$ cat entry15.pdb   # PDB, C-alpha atoms, pLDDT in the B column
ATOM      1  CA  MET A   1       0.000   0.000   0.000  1.00 73.00           C
ATOM      2  CA  MET A   2       2.808   2.420   0.870  1.00 76.00           C
ATOM      3  CA  PRO A   3       4.352   2.381  -2.653  1.00 81.00           C
ATOM      4  CA  THR A   4       0.942   3.313  -4.114  1.00 86.00           C
ATOM      5  CA  ILE A   5       0.522   6.155  -1.628  1.00 83.00           C
ATOM      6  CA  LEU A   6       3.997   7.475  -2.371  1.00 85.00           C
ATOM      7  CA  TRP A   7       3.439   7.202  -6.133  1.00 89.00           C
ATOM      8  CA  ALA A   8       0.254   9.283  -5.823  1.00 89.00           C
ATOM      9  CA  ARG A   9       2.133  11.827  -3.698  1.00 88.00           C
ATOM     10  CA  TYR A  10       4.981  12.143  -6.214  1.00 90.00           C
ATOM     11  CA  PHE A  11       2.507  12.326  -9.110  1.00 94.00           C
ATOM     12  CA  LEU A  12       0.536  15.156  -7.484  1.00 92.00           C
ATOM     13  CA  LYS A  13       3.757  17.049  -6.730  1.00 90.00           C
ATOM     14  CA  ALA A  14       4.851  16.660 -10.370  1.00 94.00           C
ATOM     15  CA  GLN A  15       1.507  18.154 -11.429  1.00 95.00           C
ATOM     16  CA  GLY A  16       2.163  21.206  -9.261  1.00 94.00           C
ATOM     17  CA  TYR A  17       0.012  20.369  -6.258  1.00 92.00           C
ATOM     18  CA  ASP A  18       1.421  20.819  -2.774  1.00 88.00           C
ATOM     19  CA  VAL A  19       0.914  17.682  -0.684  1.00 83.00           C
ATOM     20  CA  THR A  20       1.281  18.642   2.961  1.00 81.00           C
ATOM     21  CA  ASP A  21      -0.330  15.747   4.842  1.00 81.00           C
ATOM     22  CA  ASN A  22      -0.077  12.123   3.862  1.00 81.00           C
ATOM     23  CA  ILE A  23      -1.693  10.314   6.782  1.00 83.00           C
ATOM     24  CA  ILE A  24      -2.213   6.573   6.996  1.00 83.00           C
ATOM     25  CA  TYR A  25      -4.832   5.543   9.536  1.00 83.00           C
ATOM     26  CA  GLN A  26      -4.124   2.341  11.453  1.00 84.00           C
ATOM     27  CA  ASP A  27      -6.174   0.554  14.117  1.00 83.00           C
ATOM     28  CA  ASN A  28      -3.381  -1.717  15.366  1.00 81.00           C
ATOM     29  CA  GLN A  29      -1.298  -0.119  18.130  1.00 84.00           C
ATOM     30  CA  SER A  30       1.558  -2.639  17.772  1.00 80.00           C
ATOM     31  CA  ALA A  31       1.810  -1.973  14.050  1.00 79.00           C
ATOM     32  CA  ILE A  32       1.921   1.775  14.737  1.00 81.00           C
ATOM     33  CA  LEU A  33       4.819   1.300  17.158  1.00 80.00           C
ATOM     34  CA  LEU A  34       6.737  -0.802  14.636  1.00 79.00           C
ATOM     35  CA  GLU A  35       6.033   1.680  11.853  1.00 77.00           C
ATOM     36  CA  LYS A  36       7.131   4.694  13.912  1.00 77.00           C
ATOM     37  CA  ASN A  37      10.065   3.200  15.836  1.00 74.00           C
ATOM     38  CA  GLY A  38      11.254   0.372  13.588  1.00 70.00           C
ATOM     39  CA  LYS A  39      13.626  -2.098  15.226  1.00 66.00           C
ATOM     40  CA  ALA A  40      13.646  -0.041  18.445  1.00 68.00           C
ATOM     41  CA  SER A  41      10.179  -1.352  19.354  1.00 63.00           C
ATOM     42  CA  SER A  42      10.842  -4.929  18.255  1.00 65.00           C
ATOM     43  CA  SER A  43      10.353  -7.804  20.647  1.00 64.00           C
ATOM     44  CA  LYS A  44      11.040 -11.536  20.590  1.00 64.00           C
ATOM     45  CA  ARG A  45       7.996 -12.025  18.381  1.00 66.00           C
ATOM     46  CA  THR A  46       9.022  -9.388  15.821  1.00 65.00           C
ATOM     47  CA  LYS A  47      12.813  -9.661  15.821  1.00 63.00           C
ATOM     48  CA  HIS A  48      12.695 -11.941  12.773  1.00 62.00           C
ATOM     49  CA  ILE A  49      11.384  -9.128  10.559  1.00 67.00           C
ATOM     50  CA  ALA A  50      14.097  -8.175   8.102  1.00 61.00           C
ATOM     51  CA  VAL A  51      15.346  -4.605   7.868  1.00 62.00           C
ATOM     52  CA  ARG A  52      14.011  -4.305   4.311  1.00 59.00           C
ATOM     53  CA  TYR A  53      10.471  -4.427   5.698  1.00 64.00           C
ATOM     54  CA  PHE A  54      11.009  -1.204   7.616  1.00 73.00           C
ATOM     55  CA  PHE A  55      10.443   0.803   4.429  1.00 78.00           C
ATOM     56  CA  ILE A  56       7.431   2.481   6.063  1.00 80.00           C
ATOM     57  CA  THR A  57       9.536   3.515   9.064  1.00 81.00           C
ATOM     58  CA  ASN A  58      12.032   5.220   6.742  1.00 82.00           C
ATOM     59  CA  ARG A  59       9.264   7.100   4.906  1.00 83.00           C
ATOM     60  CA  ILE A  60       7.726   8.282   8.176  1.00 84.00           C
ATOM     61  CA  GLN A  61      11.101   9.533   9.412  1.00 84.00           C
ATOM     62  CA  MET A  62      11.604  11.355   6.094  1.00 85.00           C
ATOM     63  CA  GLY A  63       8.233  13.086   6.544  1.00 84.00           C
ATOM     64  CA  GLU A  64       6.679  11.581   3.420  1.00 84.00           C
ATOM     65  CA  ALA A  65       3.909   9.897   5.397  1.00 84.00           C
ATOM     66  CA  GLY A  66       2.403   9.871   8.854  1.00 86.00           C
ATOM     67  CA  ILE A  67       0.659   7.222  10.931  1.00 85.00           C
ATOM     68  CA  GLU A  68      -2.304   7.959  13.165  1.00 86.00           C
ATOM     69  CA  TRP A  69      -4.474   5.686  15.249  1.00 87.00           C
ATOM     70  CA  CYS A  70      -8.111   5.310  14.240  1.00 84.00           C
ATOM     71  CA  PRO A  71     -10.636   3.215  16.193  1.00 85.00           C
ATOM     72  CA  THR A  72     -11.646   0.040  14.360  1.00 81.00           C
ATOM     73  CA  GLU A  73     -15.299   1.083  14.248  1.00 81.00           C
ATOM     74  CA  ASP A  74     -14.331   4.298  12.402  1.00 81.00           C
ATOM     75  CA  MET A  75     -12.074   2.644   9.785  1.00 83.00           C
ATOM     76  CA  VAL A  76     -13.613   3.775   6.489  1.00 81.00           C
ATOM     77  CA  ALA A  77     -11.401   1.341   4.525  1.00 80.00           C
ATOM     78  CA  ASP A  78     -13.386  -1.519   6.075  1.00 81.00           C
ATOM     79  CA  PHE A  79     -16.258  -0.541   3.770  1.00 82.00           C
ATOM     80  CA  MET A  80     -14.181  -1.831   0.844  1.00 83.00           C
ATOM     81  CA  THR A  81     -12.698  -4.910   2.509  1.00 84.00           C
ATOM     82  CA  LYS A  82     -15.242  -6.369   4.953  1.00 86.00           C
ATOM     83  CA  PRO A  83     -18.918  -7.293   4.852  1.00 88.00           C
ATOM     84  CA  LEU A  84     -20.576  -4.610   6.975  1.00 85.00           C
ATOM     85  CA  GLN A  85     -24.141  -4.631   8.238  1.00 86.00           C
ATOM     86  CA  GLY A  86     -26.676  -2.171   9.561  1.00 87.00           C
ATOM     87  CA  SER A  87     -25.695   1.268  10.775  1.00 86.00           C
ATOM     88  CA  THR A  88     -21.971   0.787  10.084  1.00 85.00           C
ATOM     89  CA  PHE A  89     -22.686   0.032   6.416  1.00 88.00           C
ATOM     90  CA  THR A  90     -25.053   2.997   6.122  1.00 88.00           C
ATOM     91  CA  ARG A  91     -22.626   5.375   7.831  1.00 86.00           C
ATOM     92  CA  PHE A  92     -19.671   4.476   5.605  1.00 86.00           C
ATOM     93  CA  ARG A  93     -21.824   4.374   2.453  1.00 87.00           C
ATOM     94  CA  ASP A  94     -23.086   7.888   3.131  1.00 87.00           C
ATOM     95  CA  LEU A  95     -19.529   9.119   3.713  1.00 85.00           C
ATOM     96  CA  ILE A  96     -18.132   7.532   0.547  1.00 85.00           C
ATOM     97  CA  MET A  97     -21.068   8.741  -1.576  1.00 86.00           C
ATOM     98  CA  GLY A  98     -20.640  12.285  -0.272  1.00 84.00           C
ATOM     99  CA  ALA A  99     -23.956  12.493   1.590  1.00 82.00           C
ATOM    100  CA  VAL A 100     -22.128  13.495   4.794  1.00 79.00           C
ATOM    101  CA  SER A 101     -18.746  15.064   5.447  1.00 75.00           C
ATOM    102  CA  MET A 102     -15.963  13.581   7.544  1.00 70.00           C
ATOM    103  CA  LYS A 103     -16.604  16.276  10.178  1.00 70.00           C
ATOM    104  CA  ASP A 104     -20.156  14.946  10.576  1.00 70.00           C
ATOM    105  CA  MET A 105     -18.770  11.430  11.057  1.00 66.00           C
ATOM    106  CA  VAL A 106     -16.907  12.316  14.275  1.00 60.00           C
ATOM    107  CA  ARG A 107     -18.597  10.449  17.075  1.00 55.00           C
ATOM    108  CA  LYS A 108     -18.772  11.023  20.815  1.00 44.00           C
ATOM    109  CA  PRO A 109     -16.373   8.897  22.863  1.00 44.00           C
ATOM    110  CA  ARG A 110     -18.002   5.710  24.102  1.00 42.00           C
ATOM    111  CA  GLY A 111     -18.562   5.074  27.772  1.00 39.00           C
ATOM    112  CA  LYS A 112     -17.978   8.684  28.821  1.00 39.00           C
ATOM    113  CA  ALA A 113     -20.576  10.825  30.503  1.00 34.00           C
ATOM    114  CA  VAL A 114     -21.929  13.451  28.159  1.00 34.00           C
ATOM    115  CA  LYS A 115     -23.821  16.399  29.540  1.00 37.00           C
ATOM    116  CA  SER A 116     -27.356  16.676  28.185  1.00 35.00           C
ATOM    117  CA  GLY A 117     -29.592  19.710  28.124  1.00 39.00           C
ATOM    118  CA  SER A 118     -31.002  18.773  31.556  1.00 39.00           C
ATOM    119  CA  GLY A 119     -27.562  18.650  33.143  1.00 39.00           C
ATOM    120  CA  VAL A 120     -27.733  14.898  33.824  1.00 41.00           C
ATOM    121  CA  GLY A 121     -24.889  12.651  32.607  1.00 37.00           C
ATOM    122  CA  GLU A 122     -25.732  10.107  29.924  1.00 38.00           C
ATOM    123  CA  LEU A 123     -23.826   7.149  28.580  1.00 37.00           C
TER     124      LEU A 123
END
$ encode --input "entry15.pdb" --output "structure tokens"
Amino acid sequence: MMPTILWARYFLKAQGYDVTDNIIYQDNQSAILLEKNGKASSSKRTKHIAVRYFFITNRIQMGEAGIEWCPTEDMVADFMTKPLQGSTFTRFRDLIMGAVSMKDMVRKPRGKAVKSGSGVGEL
């Protein structure tokens, strides 16, 4: 996936567009640590990974891409790769079709008390 992202970035720059943010959203915390820190965050289970696979780490350090955590339930890419049902399908379909903006997709944190109009906490 990273070579495709970088190709698109280089292509847009060649066309005269300024690409400032190239963010890859990831829902796996361990993968994020490996991608950001490379061998420094390796353990017994990951020490077998060859240096050539740390291509993403090099690109992040060079500033060509960034990694950010995204909760699994908000992963828009799942619309293309997994069979979704119900409200999750509808939410992602509306986003991809342009019916709602990404700003409208931001959800309230789960399990936190949210103040309602009556001043009583809700879950």
$ atom_distance --input "entry15.pdb" --atom1 "CA of Arg9 in chain A" --atom2 "CA of Asn22 in chain A"
7.9 Å
$ atom_distance --input "entry15.pdb" --atom1 "CA of Gln26 in chain A" --atom2 "CA of Asp78 in chain A"
11.4 Å
$ closest_residue --input "entry15.pdb" --among "A:Asp104, A:Glu35, A:Asp27, A:Asp94" --to "Gln61 in chain A" --atoms "only C-alpha atoms"
A:Glu35
$ residues_near_point --input "entry15.pdb" --point "(-21.4, 1.7, 8.7)" --cutoff "12 Å" --atoms "only C-alpha atoms" --output "list in words"
Thr72, Glu73, Asp74, Met75, Val76, Ala77, Asp78, Phe79, Met80, Lys82, Pro83, Leu84, Gln85, Gly86, Ser87, Thr88, Phe89, Thr90, Arg91, Phe92, Arg93, Asp94, Leu95, Ile96 and Met105 of chain A
$ atom_distance --input "entry15.pdb" --atom1 "CA of Thr81 in chain A" --atom2 "CA of Ala99 in chain A"
20.7 Å
$ axis_aligned_box --input "entry15.pdb" --around "range 6-15 of chain A" --padding-each-side "3 Å" --output "JSON"
{"center_x": 2.6, "center_y": 12.7, "center_z": -6.9, "size_x": 10.7, "size_y": 17.0, "size_z": 15.1}
$ resolve_selection --input "entry15.pdb" --expression "the PyMOL selection byres ((chain A and resi 32) around 12)" --output "list in words"
Ile24, Tyr25, Gln26, Asp27, Asn28, Gln29, Ser30, Ala31, Leu33, Leu34, Glu35, Lys36, Asn37, Gly38, Ser41, Ser42, Phe54, Ile56, Thr57, Ile60, Gly66, Ile67, Glu68, Trp69 and Cys70 of chain A
$ closest_residue --input "entry15.pdb" --among "A:Met97, A:Ile23, A:Ala14, A:Met1" --to "Ala65 in chain A" --atoms "all atoms listed in the file"
A:Ile23
